[in-house]
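**Q** Take this structure, written in structure tokens, and hold onto it; I'll ask about it next.
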Amino acid sequence: MAFGGRLGWYVVIVVTALAVNVAADEERPKRKRLDIESIYYAQAGLVKSALAGVQPSRKGVPEIYFVGFAPDDAEDVFENEVKHVEALFRRSLGADGRTVLLVNSRNTVDELPLANGPNLTTVLEGLADRMGAEDLLFLHITTHGSRAHWLSVSFERLGLNDLSARKVGEIVNGAGLPWRVVVVSACFSGGFIKPLKSPRAMVITAANSRRTSFGCENGREYTYFGAAFYRDSLIDADFRAAFKRAVPLVRAWEKEQDHKHSKPQVWVGKEIAKKLPHTWKVPGQSAAVDATVP
């Protein structure tokens, strides 16, 4: 009798759990199924349209072009961040009409190209064709990173390929860009500096090669580094000064949360060092909002 009574109790628990799960499934709104084939076929047209909207360089005028790359749909902070940063470059850094966003999100899948390796390659090469010898390409990458120095590239069931640091370096360095600044906001992103090095490049990362970065959560507008660097420190195109202002903010926020310091990194090539900050410095409104909240 005791064994039978115990079994009956287990059955009640299982049935109750199943009932709760079924009820939760019924309440959860059903998401529209993605048409994967159509998404893939649409990419060439979306990339072409994005590049068609970019203004060509004005001869002899140093200008900034911007690309935002948010390749992981797991948390909406990546999408939010690239949109905010793109708006900052349009509004305050003179890049209006010279920006492209690549985002993996249901919110943008019908409007923007996917953030994957092939699209990034095509976009950077297309922009290089529109840029003059005096122009700068600013690339902001925000996603998850791994200890092996790979960037997470994902969008539901599309089966996209992650990007290694070596591959990112090949894409950026092989695009034919005249001058470039690359920001990699991801865990262990310091491992991307070496593959991205060039005399005409500046590389900024949200962490060193052995540390994690923070703020990759749903509902956030920025990661910790994104908030510190873009929102609270990037007043004009003096990227080195903005980095110096941003690091103490990141350290303070991490300390408040008992996080190990991410140790953001910066590397500047010899040739671009002679150009920064004055060549592309555009006086604009301050990006500072509230440095007390990450």
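Quick note on naming: the chains in the structure tokens go A, B, ... in the order shown, residues restart at 1 in each chain, and ligands are numbered from 1 in order of appearance.
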Please identify the strand (DSSP E or B) residues within segment 114-281 of chain A (assignment by DSSP from backbone atoms) and present them as an MDAnalysis selection string.
**A** chainID A and resid 136:142 145 150:151 154 163:164 179:185 201:205 265:268
**Q** So that I can check the secondary structure, give me every residue of segment 57-260 of chain A assigned alpha helix (DSSP H) by backbone DSSP, as an MDAnalysis selection string.
**A** chainID A and resid 77:92 117:130 165:173 193:196 224:226 239:256
**Q** I need the residue nearest Ala201 of chain A from this list: A:Ile272, A:Ala228, A:Ala242, A:Ala237. Use only C-alpha atoms for the distance.
**A**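 So, comparing all the options, the nearest one is A:Ile272.
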**Q** By how many Å are atom CA of Lys244 of chain A and atom CA of Gln265 of chain A apart?
**A**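 Answer for the atom CA of Lys244 of chain A to atom CA of Gln265 of chain A separation: 10.1 Å.
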**Q** In Å to one decimal, how far is atom CA of Gly169 of chain A from atom CA of Pro195 of chain A?
**A** 4.8 Å
**Q** Please determine, counting only C-alpha atoms, which residue among A:Gly94, A:Val182, A:Val77, A:Glu86 has the shortest atom-to-atom distance to His144 of chain A.
**A** A:Val77
**Q** Select, from A:Arg31, A:Arg231, A:Arg58, A:His149, the residue with the minimum atom-to-atom distance to Ser92 of chain A, counting only C-alpha atoms.
**A**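 When distances to Ser92 of chain A are compared using only C-alpha atoms, the smallest one comes from A:Arg231.
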**Q** Taking only C-alpha atoms into account, name the residue in A:Phe225, A:Phe214, A:Phe192, A:Phe155 that is nearest to Ile39 of chain A.
**A**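 Ranking A:Phe225, A:Phe214, A:Phe192, A:Phe155 by distance to Ile39 of chain A, first place goes to A:Phe155.
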**Q** Please, which residues in segment 130-220 of chain A fall within 12 Å of segment 245-252 of chain A when counting only C-alpha atoms, and what is the closest atom pair and distance in Å to one decimal for each, ordered by chain then residue number, as a Markdown table?
**A**
```
| residue | atom | partner | partner_atom | distance |
| --- | --- | --- | --- | --- |
| A:Ile204 | CA | A:Val247 | CA | 11.3 |
| A:Thr205 | CA | A:Val247 | CA | 10.9 |
| A:Ala206 | CA | A:Val247 | CA | 9.1 |
| A:Ala207 | CA | A:Val247 | CA | 10.2 |
| A:Ser213 | CA | A:Val250 | CA | 9.4 |
| A:Phe214 | CA | A:Val250 | CA | 9.1 |
| A:Gly215 | CA | A:Val250 | CA | 10.3 |
```
**Q** Work out how far apart atom CA of Ser57 of chain A and atom CA of Gly132 of chain A are and give it in Å to one decimal.
**A** 5.6 Å
**Q** Contacts of Val85 of chain A at 10 Å or less, counting only C-alpha atoms, minus same-chain residues fewer than 2 places along, as a VMD selection string?
**A** chain A and resid 66 to 68 80 to 83 87 to 91 140 222 226 to 227 230 to 231
**Q** Determine the nearest neighbour of Asp73 of chain A from the options A:Glu134, A:Glu111, A:Glu217, A:Asp96, counting only C-alpha atoms.
**A**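 Among A:Glu134, A:Glu111, A:Glu217, A:Asp96, it is A:Glu217 that comes nearest to Asp73 of chain A.
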**Q** With only C-alpha atoms as the counted atoms, please give the residues lying no more than 9 Å from Gln43 of chain A, apart from itself and same-chain residues fewer than 4 positions off, as a short mmCIF file (atom, residue, chain, number, x, y, z; two decimals) with C-alpha atoms, in the first residue's frame.
**A**
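The new file result_39.cif reads:
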```cif
data_model
loop_
_atom_site.label_atom_id
_atom_site.label_comp_id
_atom_site.auth_asym_id
_atom_site.auth_seq_id
_atom_site.Cartn_x
_atom_site.Cartn_y
_atom_site.Cartn_z
CA SER A 38 12.85 34.03 -48.57
CA ILE A 39 15.22 35.61 -46.05
CA VAL A 47 22.54 44.85 -49.27
CA LYS A 48 22.19 46.61 -52.64
CA LEU A 112 18.07 45.48 -43.04
CA PRO A 113 20.65 42.97 -44.27
CA LEU A 114 21.57 40.12 -41.95
CA ASN A 119 27.10 40.66 -45.99
#
```
**Q** Kindly indicate which residue among A:Asp135, A:Glu256, A:Glu271, A:Asp236 lies nearest to Arg200 of chain A, using only C-alpha atoms for the distances.
**A** A:Glu271
